[in-house]
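Heads up, the thing below is written out as structure tokens.
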Amino acid sequence: EREANRGTQVELADFDADACDGLLRWPEKLLPVFNDALSDAQEALLQSPAAARHPEWRARRGKIRLRNVPPLPEHAKPNVSALRCADVGPLVQVCGTVVRTGGVKVLEASRTYRCCAGTCGATFTVYPDPEQGNILERPQACPGPDGLGGCAGRRFVEVASENADYQEARLQEHIEQLSIGAIPRSLTLVLEHDLADSLNAGDAVTVVGWLERRWQPVHRDVRVDVDLVLRVNAVHVGAASAPGASRVTDEDEAFFRNHWRRAARTARPLAARDAVVDSVC
């Protein structure tokens with residue numbers, strides 16, 4: 001079973017500002033670390049004394065999903081036209097309408113190899129290259145038991161592999177936001193794991209992810225063609241993503257209700273007001 005653990009950047013910034021800043025800058029590198037931490041926390045919880053009182057608890061494959069990003073111009077984009085090549089890499093959020101969805105495919109997400117060198121025997125994982133059409137090449141060198149190299153082994157045996165659901169969709173900016181005579185731009189979305197098959201044509205959505213380059217096949221004496229795609233980490237479907245509509249979700253409303261209940265219990269309404277003001281000023 002697959003579940004997504006959703007959180008906001010505001011909650012993460014309150015807990016660890018440095019981790020929040022790093023995740024905004026390098027999501028492709030840090031999100032796997034967050035996913036591993038989620039798995040470790042789940043395993044620790046299942047081995048705790050509290051698990052004996054809840055026999056229905058089961059281990060699940062979890063993924064970190066970030067619902068939104070801070071309202072900063074370099075991360076929160078008003079539409080697809082605001083995206084540029086300089087935005088490749090950092091976490092961005094953009095709204096639009098899904099105009100086309102492709103079929104769900106099976107993607108080989110990773111392979112695990114073991115080094116055949118007698119003095120090493122290290123196991124390591126290889127991931128596909130999304131910029132080269134998800135090509136998963138056989139490793140040429142062993143990273144060593146500690147991942148820092150030092151092993152001269154060149155023979156490897158595959159010991160495991162992992163597959164994932166994969167789908168592509170097309171996101172078009174809201175026509176209502178365009179000036180007269182302007183042509184709406186569109187962008188390819190890459191959806192994996194539990195996000196695959198979560199969108200339908202016509203949905204108004206807000207997506208959070210990062211831009212990647214996708215290189216087309218290279219031929220002699222032919223100009224190189226490079227496309228930009230958005231690898232989606234989280235998606236919100238609903239009217240809240242339409243222009244001019246309310247962006248307050250059920251989670252936001254519950255958060256504010258709990259915030260003011262705590263203020264009432266502690267008799268500190270001014271401190272609660274200051275916390276709200278500081279979060280937007």
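Numbering starts fresh at 1 for the residues of each chain in the structure tokens, the chains themselves are lettered A, B, ... in the order given, and ligands are numbered from 1 as they appear.
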
Find the spatial neighbours of range 36-38 of chain A, counting only C-alpha atoms, within a cut-off of 9 Å - ignore same-chain residues fewer than 2 positions away - and output them as an mmCIF file with all heavy atoms, in the first residue's frame.
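The result, stored in around.cif:
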data_model
loop_
_atom_site.group_PDB
_atom_site.id
_atom_site.type_symbol
_atom_site.label_atom_id
_atom_site.label_comp_id
_atom_site.auth_asym_id
_atom_site.auth_seq_id
_atom_site.Cartn_x
_atom_site.Cartn_y
_atom_site.Cartn_z
ATOM 1 N N ASN A 5 2.574 11.380 2.884
ATOM 2 C CA ASN A 5 2.571 12.207 4.071
ATOM 3 C C ASN A 5 2.716 13.653 3.646
ATOM 4 O O ASN A 5 3.744 14.049 3.122
ATOM 5 C CB ASN A 5 3.710 11.804 5.012
ATOM 6 C CG ASN A 5 3.565 12.433 6.374
ATOM 7 O OD1 ASN A 5 2.476 12.436 6.929
ATOM 8 N ND2 ASN A 5 4.648 12.963 6.899
ATOM 9 N N LEU A 31 14.683 15.401 -1.155
ATOM 10 C CA LEU A 31 13.442 14.659 -0.939
ATOM 11 C C LEU A 31 13.685 13.172 -0.682
ATOM 12 O O LEU A 31 13.012 12.586 0.177
ATOM 13 C CB LEU A 31 12.492 14.854 -2.123
ATOM 14 C CG LEU A 31 11.585 16.082 -2.019
ATOM 15 C CD1 LEU A 31 10.800 16.289 -3.304
ATOM 16 C CD2 LEU A 31 10.629 15.959 -0.842
ATOM 17 N N PRO A 32 14.622 12.500 -1.392
ATOM 18 C CA PRO A 32 14.907 11.110 -1.013
ATOM 19 C C PRO A 32 15.380 10.963 0.428
ATOM 20 O O PRO A 32 15.075 9.958 1.086
ATOM 21 C CB PRO A 32 16.007 10.698 -2.007
ATOM 22 C CG PRO A 32 15.776 11.569 -3.199
ATOM 23 C CD PRO A 32 15.334 12.883 -2.637
ATOM 24 N N VAL A 33 16.112 11.949 0.937
ATOM 25 C CA VAL A 33 16.549 11.906 2.333
ATOM 26 C C VAL A 33 15.344 12.002 3.263
ATOM 27 O O VAL A 33 15.249 11.279 4.267
ATOM 28 C CB VAL A 33 17.553 13.040 2.613
ATOM 29 C CG1 VAL A 33 17.988 13.029 4.073
ATOM 30 C CG2 VAL A 33 18.762 12.922 1.700
ATOM 31 N N PHE A 34 14.404 12.882 2.932
ATOM 32 C CA PHE A 34 13.194 13.016 3.734
ATOM 33 C C PHE A 34 12.360 11.736 3.669
ATOM 34 O O PHE A 34 11.766 11.319 4.677
ATOM 35 C CB PHE A 34 12.366 14.208 3.245
ATOM 36 C CG PHE A 34 12.823 15.528 3.782
ATOM 37 C CD1 PHE A 34 14.024 16.086 3.395
ATOM 38 C CD2 PHE A 34 12.045 16.223 4.691
ATOM 39 C CE1 PHE A 34 14.449 17.300 3.890
ATOM 40 C CE2 PHE A 34 12.457 17.448 5.202
ATOM 41 C CZ PHE A 34 13.659 17.992 4.800
ATOM 42 N N ASP A 40 12.250 5.483 8.344
ATOM 43 C CA ASP A 40 12.869 5.178 9.635
ATOM 44 C C ASP A 40 11.925 5.501 10.791
ATOM 45 O O ASP A 40 11.835 4.734 11.765
ATOM 46 C CB ASP A 40 14.172 5.967 9.789
ATOM 47 C CG ASP A 40 15.241 5.526 8.798
ATOM 48 O OD1 ASP A 40 15.109 4.420 8.246
ATOM 49 O OD2 ASP A 40 16.193 6.301 8.574
ATOM 50 N N ALA A 41 11.216 6.633 10.688
ATOM 51 C CA ALA A 41 10.279 7.005 11.747
ATOM 52 C C ALA A 41 9.123 6.005 11.826
ATOM 53 O O ALA A 41 8.662 5.651 12.918
ATOM 54 C CB ALA A 41 9.739 8.412 11.492
ATOM 55 N N GLN A 42 8.669 5.526 10.663
ATOM 56 C CA GLN A 42 7.592 4.542 10.655
ATOM 57 C C GLN A 42 8.050 3.225 11.280
ATOM 58 O O GLN A 42 7.322 2.614 12.067
ATOM 59 C CB GLN A 42 7.134 4.302 9.217
ATOM 60 C CG GLN A 42 6.041 3.262 9.086
ATOM 61 C CD GLN A 42 5.644 3.031 7.642
ATOM 62 O OE1 GLN A 42 4.502 3.227 7.253
ATOM 63 N NE2 GLN A 42 6.597 2.604 6.830
ATOM 64 N N GLU A 43 9.273 2.819 10.953
ATOM 65 C CA GLU A 43 9.795 1.578 11.529
ATOM 66 C C GLU A 43 9.965 1.698 13.042
ATOM 67 O O GLU A 43 9.654 0.758 13.790
ATOM 68 C CB GLU A 43 11.130 1.244 10.877
ATOM 69 C CG GLU A 43 11.729 -0.072 11.340
ATOM 70 C CD GLU A 43 13.031 -0.392 10.634
ATOM 71 O OE1 GLU A 43 13.388 0.355 9.688
ATOM 72 O OE2 GLU A 43 13.686 -1.385 11.011
ATOM 73 N N GLY A 62 5.747 5.118 2.173
ATOM 74 C CA GLY A 62 5.353 6.520 2.246
ATOM 75 C C GLY A 62 6.220 7.423 1.388
ATOM 76 O O GLY A 62 7.388 7.125 1.110
ATOM 77 N N LYS A 63 5.637 8.530 0.965
ATOM 78 C CA LYS A 63 6.334 9.561 0.215
ATOM 79 C C LYS A 63 5.990 10.925 0.822
ATOM 80 O O LYS A 63 4.837 11.175 1.191
ATOM 81 C CB LYS A 63 5.926 9.556 -1.258
ATOM 82 C CG LYS A 63 6.289 8.288 -2.019
ATOM 83 C CD LYS A 63 7.783 8.197 -2.256
ATOM 84 C CE LYS A 63 8.123 6.966 -3.079
ATOM 85 N NZ LYS A 63 9.576 6.829 -3.287
ATOM 86 N N ILE A 64 6.985 11.781 0.911
ATOM 87 C CA ILE A 64 6.758 13.140 1.392
ATOM 88 C C ILE A 64 6.142 13.965 0.262
ATOM 89 O O ILE A 64 6.684 14.026 -0.840
ATOM 90 C CB ILE A 64 8.070 13.794 1.865
ATOM 91 C CG1 ILE A 64 8.647 13.029 3.064
ATOM 92 C CG2 ILE A 64 7.844 15.271 2.219
ATOM 93 C CD1 ILE A 64 7.804 13.126 4.312
#

Closest atom pairs, residues of range 42-148 of chain A within 9 Å of range 211-223 of chain A, only C-alpha atoms, as CSV:
residue,atom,partner,partner_atom,distance
A:Leu83,CA,A:Leu211,CA,8.9
A:Cys85,CA,A:Leu211,CA,8.4
A:Asp87,CA,A:Leu211,CA,6.7
A:Val88,CA,A:Leu211,CA,4.6
A:Gly89,CA,A:Leu211,CA,5.8
A:Pro90,CA,A:Leu211,CA,7.5
A:Leu91,CA,A:Leu211,CA,7.9
A:Val92,CA,A:Leu211,CA,7.8
A:Pro130,CA,A:Arg214,CA,7.0
A:Glu131,CA,A:Arg214,CA,4.4
A:Gln132,CA,A:Trp215,CA,5.9
A:Gly133,CA,A:Arg214,CA,7.0

Would you mind exporting the chosen residues as a PDB file, in the first residue's frame, restricted to all heavy atoms?
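Done, and the output landed in part-v4.pdb:
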ATOM      1  N   LEU A  83       7.502  30.704 -15.962  1.00  0.00           N
ATOM      2  CA  LEU A  83       8.603  29.772 -15.792  1.00  0.00           C
ATOM      3  C   LEU A  83       9.683  30.035 -16.828  1.00  0.00           C
ATOM      4  O   LEU A  83       9.391  30.240 -18.003  1.00  0.00           O
ATOM      5  CB  LEU A  83       8.100  28.334 -15.917  1.00  0.00           C
ATOM      6  CG  LEU A  83       7.111  27.874 -14.840  1.00  0.00           C
ATOM      7  CD1 LEU A  83       6.546  26.508 -15.187  1.00  0.00           C
ATOM      8  CD2 LEU A  83       7.775  27.847 -13.463  1.00  0.00           C
ATOM      9  N   CYS A  85      14.141  29.141 -17.920  1.00  0.00           N
ATOM     10  CA  CYS A  85      15.223  28.164 -17.790  1.00  0.00           C
ATOM     11  C   CYS A  85      15.959  28.319 -16.464  1.00  0.00           C
ATOM     12  O   CYS A  85      16.479  27.338 -15.914  1.00  0.00           O
ATOM     13  CB  CYS A  85      16.195  28.299 -18.951  1.00  0.00           C
ATOM     14  SG  CYS A  85      15.525  27.836 -20.562  1.00  0.00           S
ATOM     15  N   ASP A  87      14.730  28.683 -13.696  1.00  0.00           N
ATOM     16  CA  ASP A  87      13.959  28.048 -12.633  1.00  0.00           C
ATOM     17  C   ASP A  87      14.210  26.547 -12.549  1.00  0.00           C
ATOM     18  O   ASP A  87      13.578  25.864 -11.721  1.00  0.00           O
ATOM     19  CB  ASP A  87      12.460  28.300 -12.845  1.00  0.00           C
ATOM     20  CG  ASP A  87      12.098  29.775 -12.750  1.00  0.00           C
ATOM     21  OD1 ASP A  87      12.630  30.456 -11.854  1.00  0.00           O
ATOM     22  OD2 ASP A  87      11.285  30.247 -13.576  1.00  0.00           O
ATOM     23  N   VAL A  88      15.082  26.003 -13.383  1.00  0.00           N
ATOM     24  CA  VAL A  88      15.381  24.576 -13.346  1.00  0.00           C
ATOM     25  C   VAL A  88      16.089  24.240 -12.038  1.00  0.00           C
ATOM     26  O   VAL A  88      17.091  24.868 -11.692  1.00  0.00           O
ATOM     27  CB  VAL A  88      16.256  24.164 -14.545  1.00  0.00           C
ATOM     28  CG1 VAL A  88      16.731  22.727 -14.396  1.00  0.00           C
ATOM     29  CG2 VAL A  88      15.492  24.333 -15.840  1.00  0.00           C
ATOM     30  N   GLY A  89      15.566  23.281 -11.305  1.00  0.00           N
ATOM     31  CA  GLY A  89      16.192  22.836 -10.065  1.00  0.00           C
ATOM     32  C   GLY A  89      15.408  23.155  -8.811  1.00  0.00           C
ATOM     33  O   GLY A  89      14.986  22.226  -8.109  1.00  0.00           O
ATOM     34  N   PRO A  90      15.172  24.431  -8.462  1.00  0.00           N
ATOM     35  CA  PRO A  90      14.462  24.747  -7.224  1.00  0.00           C
ATOM     36  C   PRO A  90      12.986  24.322  -7.263  1.00  0.00           C
ATOM     37  O   PRO A  90      12.418  24.080  -8.328  1.00  0.00           O
ATOM     38  CB  PRO A  90      14.589  26.276  -7.114  1.00  0.00           C
ATOM     39  CG  PRO A  90      15.732  26.638  -7.987  1.00  0.00           C
ATOM     40  CD  PRO A  90      15.730  25.634  -9.094  1.00  0.00           C
ATOM     41  N   LEU A  91      12.387  24.260  -6.091  1.00  0.00           N
ATOM     42  CA  LEU A  91      10.980  23.903  -5.969  1.00  0.00           C
ATOM     43  C   LEU A  91      10.113  25.072  -6.421  1.00  0.00           C
ATOM     44  O   LEU A  91      10.349  26.220  -6.047  1.00  0.00           O
ATOM     45  CB  LEU A  91      10.665  23.563  -4.505  1.00  0.00           C
ATOM     46  CG  LEU A  91       9.472  22.648  -4.238  1.00  0.00           C
ATOM     47  CD1 LEU A  91       9.733  21.256  -4.794  1.00  0.00           C
ATOM     48  CD2 LEU A  91       9.205  22.578  -2.736  1.00  0.00           C
ATOM     49  N   VAL A  92       9.108  24.794  -7.256  1.00  0.00           N
ATOM     50  CA  VAL A  92       8.205  25.825  -7.761  1.00  0.00           C
ATOM     51  C   VAL A  92       6.767  25.325  -7.641  1.00  0.00           C
ATOM     52  O   VAL A  92       6.507  24.121  -7.564  1.00  0.00           O
ATOM     53  CB  VAL A  92       8.512  26.204  -9.231  1.00  0.00           C
ATOM     54  CG1 VAL A  92       9.876  26.830  -9.357  1.00  0.00           C
ATOM     55  CG2 VAL A  92       8.389  24.988 -10.142  1.00  0.00           C
ATOM     56  N   PRO A 130      16.475  11.083 -15.831  1.00  0.00           N
ATOM     57  CA  PRO A 130      15.284  11.659 -16.461  1.00  0.00           C
ATOM     58  C   PRO A 130      15.608  12.592 -17.620  1.00  0.00           C
ATOM     59  O   PRO A 130      14.780  12.784 -18.509  1.00  0.00           O
ATOM     60  CB  PRO A 130      14.599  12.414 -15.313  1.00  0.00           C
ATOM     61  CG  PRO A 130      15.697  12.696 -14.340  1.00  0.00           C
ATOM     62  CD  PRO A 130      16.645  11.554 -14.446  1.00  0.00           C
ATOM     63  N   GLU A 131      16.817  13.177 -17.626  1.00  0.00           N
ATOM     64  CA  GLU A 131      17.177  14.088 -18.717  1.00  0.00           C
ATOM     65  C   GLU A 131      17.464  13.340 -20.017  1.00  0.00           C
ATOM     66  O   GLU A 131      17.462  13.947 -21.086  1.00  0.00           O
ATOM     67  CB  GLU A 131      18.399  14.921 -18.320  1.00  0.00           C
ATOM     68  CG  GLU A 131      18.133  15.881 -17.161  1.00  0.00           C
ATOM     69  CD  GLU A 131      19.280  16.839 -16.957  1.00  0.00           C
ATOM     70  OE1 GLU A 131      20.295  16.727 -17.693  1.00  0.00           O
ATOM     71  OE2 GLU A 131      19.181  17.715 -16.072  1.00  0.00           O
ATOM     72  N   GLN A 132      17.709  12.031 -19.928  1.00  0.00           N
ATOM     73  CA  GLN A 132      18.009  11.224 -21.112  1.00  0.00           C
ATOM     74  C   GLN A 132      16.912  10.196 -21.383  1.00  0.00           C
ATOM     75  O   GLN A 132      17.187   9.101 -21.875  1.00  0.00           O
ATOM     76  CB  GLN A 132      19.355  10.511 -20.925  1.00  0.00           C
ATOM     77  CG  GLN A 132      20.519  11.431 -20.676  1.00  0.00           C
ATOM     78  CD  GLN A 132      20.851  12.295 -21.889  1.00  0.00           C
ATOM     79  OE1 GLN A 132      20.567  11.929 -23.016  1.00  0.00           O
ATOM     80  NE2 GLN A 132      21.439  13.454 -21.642  1.00  0.00           N
ATOM     81  N   GLY A 133      15.674  10.551 -21.074  1.00  0.00           N
ATOM     82  CA  GLY A 133      14.567   9.646 -21.343  1.00  0.00           C
ATOM     83  C   GLY A 133      14.489   8.478 -20.383  1.00  0.00           C
ATOM     84  O   GLY A 133      14.070   7.378 -20.780  1.00  0.00           O
TER      85      GLY A 133
END

Range 140-143 of chain A: which residues within 8 Å, counting only C-alpha atoms, same-chain residues fewer than 2 positions away excluded, as an mmCIF file with C-alpha atoms, in the first residue's frame?
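After the write, selection.cif holds the following:
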data_model
loop_
_atom_site.group_PDB
_atom_site.id
_atom_site.type_symbol
_atom_site.label_atom_id
_atom_site.label_comp_id
_atom_site.auth_asym_id
_atom_site.auth_seq_id
_atom_site.Cartn_x
_atom_site.Cartn_y
_atom_site.Cartn_z
ATOM 1 C CA CYS A 115 30.083 -5.727 -6.462
ATOM 2 C CA ALA A 122 29.214 -3.627 -1.542
ATOM 3 C CA PHE A 124 24.488 0.109 -4.284
ATOM 4 C CA ARG A 138 24.759 -0.379 -16.135
ATOM 5 C CA PRO A 145 31.256 0.084 0.915
ATOM 6 C CA ASP A 146 31.200 3.652 2.234
ATOM 7 C CA GLY A 147 30.110 5.267 -1.054
ATOM 8 C CA LEU A 148 33.397 7.183 -1.386
ATOM 9 C CA GLY A 149 35.051 4.974 -4.005
ATOM 10 C CA GLY A 150 38.321 3.147 -3.541
ATOM 11 C CA CYS A 151 37.136 -0.138 -5.093
ATOM 12 C CA ALA A 152 38.617 -1.237 -8.431
ATOM 13 C CA GLY A 153 35.825 -3.747 -9.133
ATOM 14 C CA ARG A 154 34.218 -3.657 -12.583
#

Distance CA of Arg60 in chain A-CA of Ser161 in chain A, one decimal place?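 We find that CA of Arg60 in chain A and CA of Ser161 in chain A lie 18.3 Å from each other.
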
Neighbour list for range 163-175 of chain A as a compact mmCIF listing (two decimals) with N, CA, C and O atoms, in the first residue's frame, cut-off 9 Å, only C-alpha atoms, skip fewer than 4 positions in-chain:
# COMPACT_ATOMS: atom_id res chain seq x y z
N ASN A 79 1.72 31.63 -13.32
CA ASN A 79 1.25 30.82 -14.45
C ASN A 79 2.45 30.17 -15.13
O ASN A 79 3.60 30.38 -14.75
N VAL A 80 2.15 29.38 -16.16
CA VAL A 80 3.20 28.67 -16.88
C VAL A 80 4.15 29.64 -17.59
O VAL A 80 5.35 29.39 -17.71
N SER A 81 3.62 30.76 -18.09
CA SER A 81 4.45 31.73 -18.81
C SER A 81 5.54 32.34 -17.93
O SER A 81 6.53 32.86 -18.45
N VAL A 94 2.85 26.15 -9.43
CA VAL A 94 2.18 26.80 -10.55
C VAL A 94 0.76 26.25 -10.66
O VAL A 94 0.50 25.09 -10.31
N CYS A 95 -0.15 27.11 -11.11
CA CYS A 95 -1.56 26.73 -11.29
C CYS A 95 -1.87 26.62 -12.77
O CYS A 95 -1.21 27.22 -13.62
N GLY A 96 -2.91 25.87 -13.08
CA GLY A 96 -3.33 25.73 -14.47
C GLY A 96 -4.45 24.72 -14.61
O GLY A 96 -5.01 24.24 -13.63
N THR A 97 -4.76 24.40 -15.87
CA THR A 97 -5.82 23.45 -16.20
C THR A 97 -5.21 22.27 -16.95
O THR A 97 -4.42 22.46 -17.88
N VAL A 98 -5.56 21.06 -16.55
CA VAL A 98 -5.08 19.87 -17.23
C VAL A 98 -5.85 19.72 -18.54
O VAL A 98 -7.08 19.65 -18.54
N VAL A 99 -5.14 19.70 -19.66
CA VAL A 99 -5.79 19.61 -20.97
C VAL A 99 -5.61 18.23 -21.59
O VAL A 99 -6.35 17.88 -22.53
N ARG A 100 -4.65 17.44 -21.11
CA ARG A 100 -4.45 16.11 -21.68
C ARG A 100 -3.71 15.24 -20.68
O ARG A 100 -2.81 15.70 -19.97
N THR A 101 -4.10 13.97 -20.60
CA THR A 101 -3.41 13.01 -19.74
C THR A 101 -3.04 11.79 -20.57
O THR A 101 -3.82 11.34 -21.42
N GLY A 102 -1.86 11.26 -20.33
CA GLY A 102 -1.42 10.06 -21.02
C GLY A 102 -1.77 8.82 -20.22
O GLY A 102 -2.29 8.88 -19.10
N GLY A 103 -1.47 7.68 -20.79
CA GLY A 103 -1.72 6.42 -20.10
C GLY A 103 -0.71 6.17 -19.00
O GLY A 103 0.43 6.65 -19.05
N VAL A 104 -1.11 5.38 -18.02
CA VAL A 104 -0.21 5.01 -16.92
C VAL A 104 0.70 3.88 -17.39
O VAL A 104 0.23 2.85 -17.90
N LYS A 105 2.00 4.07 -17.24
CA LYS A 105 2.99 3.09 -17.66
C LYS A 105 3.77 2.59 -16.45
O LYS A 105 3.66 3.12 -15.35
N VAL A 106 4.56 1.57 -16.69
CA VAL A 106 5.44 1.02 -15.65
C VAL A 106 6.86 1.49 -15.94
O VAL A 106 7.39 1.28 -17.03
N LEU A 107 7.47 2.13 -14.96
CA LEU A 107 8.83 2.65 -15.07
C LEU A 107 9.75 1.88 -14.13
O LEU A 107 9.40 1.67 -12.96
N GLU A 108 10.89 1.44 -14.65
CA GLU A 108 11.88 0.82 -13.78
C GLU A 108 12.57 1.94 -13.00
O GLU A 108 13.39 2.68 -13.53
N ALA A 109 12.20 2.06 -11.72
CA ALA A 109 12.63 3.21 -10.92
C ALA A 109 14.04 3.07 -10.38
O ALA A 109 14.70 4.08 -10.11
N SER A 110 14.54 1.85 -10.19
CA SER A 110 15.89 1.68 -9.66
C SER A 110 16.33 0.24 -9.83
O SER A 110 15.51 -0.67 -9.99
N SER A 179 -3.92 38.16 -21.48
CA SER A 179 -4.40 39.36 -22.14
C SER A 179 -5.04 39.01 -23.47
O SER A 179 -4.87 37.89 -23.99
N ALA A 182 -3.42 36.82 -26.55
CA ALA A 182 -2.30 35.99 -26.10
C ALA A 182 -2.65 34.52 -26.24
O ALA A 182 -3.80 34.11 -26.08
N ILE A 183 -1.66 33.73 -26.57
CA ILE A 183 -1.84 32.28 -26.73
C ILE A 183 -1.42 31.59 -25.43
O ILE A 183 -0.31 31.82 -24.93
N PRO A 184 -2.27 30.75 -24.85
CA PRO A 184 -1.91 30.09 -23.59
C PRO A 184 -0.76 29.11 -23.78
O PRO A 184 -0.73 28.35 -24.75
N ARG A 185 0.18 29.11 -22.87
CA ARG A 185 1.30 28.18 -22.91
C ARG A 185 0.96 26.94 -22.09
O ARG A 185 0.11 26.96 -21.20
N SER A 186 1.66 25.86 -22.39
CA SER A 186 1.42 24.61 -21.68
C SER A 186 2.75 23.99 -21.29
O SER A 186 3.81 24.36 -21.80
N LEU A 187 2.68 23.03 -20.39
CA LEU A 187 3.88 22.41 -19.82
C LEU A 187 3.58 20.94 -19.54
O LEU A 187 2.47 20.60 -19.11
N THR A 188 4.56 20.09 -19.77
CA THR A 188 4.41 18.66 -19.49
C THR A 188 4.65 18.38 -18.01
O THR A 188 5.65 18.83 -17.44
N LEU A 189 3.75 17.63 -17.41
CA LEU A 189 3.88 17.20 -16.02
C LEU A 189 4.29 15.73 -15.98
O LEU A 189 3.76 14.91 -16.74
N VAL A 190 5.21 15.40 -15.10
CA VAL A 190 5.63 14.01 -14.88
C VAL A 190 5.10 13.56 -13.52
O VAL A 190 5.45 14.15 -12.49
N LEU A 191 4.26 12.53 -13.52
CA LEU A 191 3.61 12.02 -12.31
C LEU A 191 4.09 10.60 -12.06
O LEU A 191 4.03 9.76 -12.96
N GLU A 192 4.52 10.33 -10.84
CA GLU A 192 5.02 9.00 -10.49
C GLU A 192 4.40 8.51 -9.20
O GLU A 192 3.86 9.29 -8.40
N HIS A 193 4.48 7.19 -9.00
CA HIS A 193 4.00 6.51 -7.79
C HIS A 193 2.51 6.79 -7.58
O HIS A 193 1.71 6.61 -8.49
N ASP A 194 2.12 7.27 -6.39
CA ASP A 194 0.70 7.46 -6.09
C ASP A 194 0.09 8.64 -6.84
O ASP A 194 -1.14 8.76 -6.89
N LEU A 195 0.90 9.51 -7.44
CA LEU A 195 0.36 10.64 -8.19
C LEU A 195 -0.12 10.24 -9.58
O LEU A 195 -0.91 10.97 -10.19
N ALA A 196 0.36 9.13 -10.10
CA ALA A 196 -0.08 8.67 -11.42
C ALA A 196 -1.57 8.35 -11.39
O ALA A 196 -2.08 7.78 -10.42
N ASP A 197 -2.26 8.74 -12.44
CA ASP A 197 -3.71 8.52 -12.60
C ASP A 197 -4.52 9.31 -11.56
O ASP A 197 -5.62 8.90 -11.21
N LEU A 199 -5.08 12.70 -12.04
CA LEU A 199 -5.61 13.88 -12.73
C LEU A 199 -6.49 13.45 -13.89
O LEU A 199 -6.28 12.39 -14.50
N ASN A 200 -7.44 14.31 -14.21
CA ASN A 200 -8.30 14.13 -15.37
C ASN A 200 -8.29 15.41 -16.20
O ASN A 200 -8.08 16.51 -15.67
N ALA A 201 -8.50 15.27 -17.49
CA ALA A 201 -8.56 16.44 -18.36
C ALA A 201 -9.69 17.35 -17.89
O ALA A 201 -10.81 16.92 -17.63
N ALA A 204 -8.84 21.82 -12.69
CA ALA A 204 -8.07 23.00 -12.29
C ALA A 204 -7.18 22.58 -11.12
O ALA A 204 -7.68 22.13 -10.09
N VAL A 205 -5.88 22.70 -11.28
CA VAL A 205 -4.95 22.14 -10.31
C VAL A 205 -3.89 23.15 -9.92
O VAL A 205 -3.61 24.11 -10.64
N ALA A 242 -8.36 27.82 -9.19
CA ALA A 242 -8.83 28.68 -10.26
C ALA A 242 -8.57 30.13 -9.92
O ALA A 242 -8.53 30.52 -8.75
N PRO A 243 -8.39 31.02 -10.91
CA PRO A 243 -8.09 32.41 -10.64
C PRO A 243 -9.22 33.08 -9.86
O PRO A 243 -10.39 32.93 -10.17

Residue list (strand (DSSP E or B), DSSP) for range 8-247 of chain A, as a PyMOL selection string: chain A and resi 61-66+76+88+91-101+105-115+123-126+129+135+156-172+186-192+204-215+226-237

Please return as a list in words: the residues of range 36-200 of chain A that backbone DSSP assigns to alpha helix (DSSP H).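 Selecting the alpha helix (DSSP H) positions of range 36-200 of chain A gives Asp36, Ala37, Leu38, Ser39, Asp40, Ala41, Gln42, Glu43, Ala44, Leu45 and Leu46 of chain A.
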
If you measure from CA of Arg114 in chain A to CA of Asp129 in chain A, what distance in Å do you get, rounded to one decimal?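 Value for the CA of Arg114 in chain A-CA of Asp129 in chain A distance: 20.2 Å.
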
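Between CA of Tyr127 in chain A and CA of Val224 in chain A the interatomic distance comes to 24.5 Å.
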
Using only C-alpha atoms for the distances, tell me which of A:Ala272, A:Val157, A:Arg111, A:Leu230 is nearest to Glu137 in chain A. A:Arg111

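For the set A:Ala82, A:Val232, A:Val276, A:Leu178, the residue with the smallest atom-to-atom gap to Glu28 in chain A is A:Val232, counting only C-alpha atoms.
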
Just want the 12 Å neighbourhood of Val280 in chain A, counted on only C-alpha atoms, with same-chain residues fewer than 3 positions away dropped. Output as a PyMOL selection string. chain A and resi 10+70-72+273-277

Could you take the residues named above and write them with C-alpha atoms, as a PDB file, in the first residue's frame?
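Generated file (selection-v4.pdb):
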ATOM      1  CA  VAL A  10       5.598  26.797   6.746  1.00  0.00           C
ATOM      2  CA  PRO A  70       6.222  30.112   0.489  1.00  0.00           C
ATOM      3  CA  PRO A  71       4.742  33.067  -1.427  1.00  0.00           C
ATOM      4  CA  LEU A  72       8.107  34.111  -2.875  1.00  0.00           C
ATOM      5  CA  ARG A 273      -2.090  37.173  16.785  1.00  0.00           C
ATOM      6  CA  ASP A 274       1.613  37.996  16.626  1.00  0.00           C
ATOM      7  CA  ALA A 275       2.368  34.497  15.292  1.00  0.00           C
ATOM      8  CA  VAL A 276      -0.112  34.997  12.445  1.00  0.00           C
ATOM      9  CA  VAL A 277       1.260  38.458  11.616  1.00  0.00           C
TER      10      VAL A 277
END

For Gln93 in chain A, list every protein, DNA or RNA residue within 6 Å, evaluated using only C-alpha atoms, and leave out those in the same chain fewer than 3 positions away; present the list as a PyMOL selection string. chain A and resi 76-77+207-208
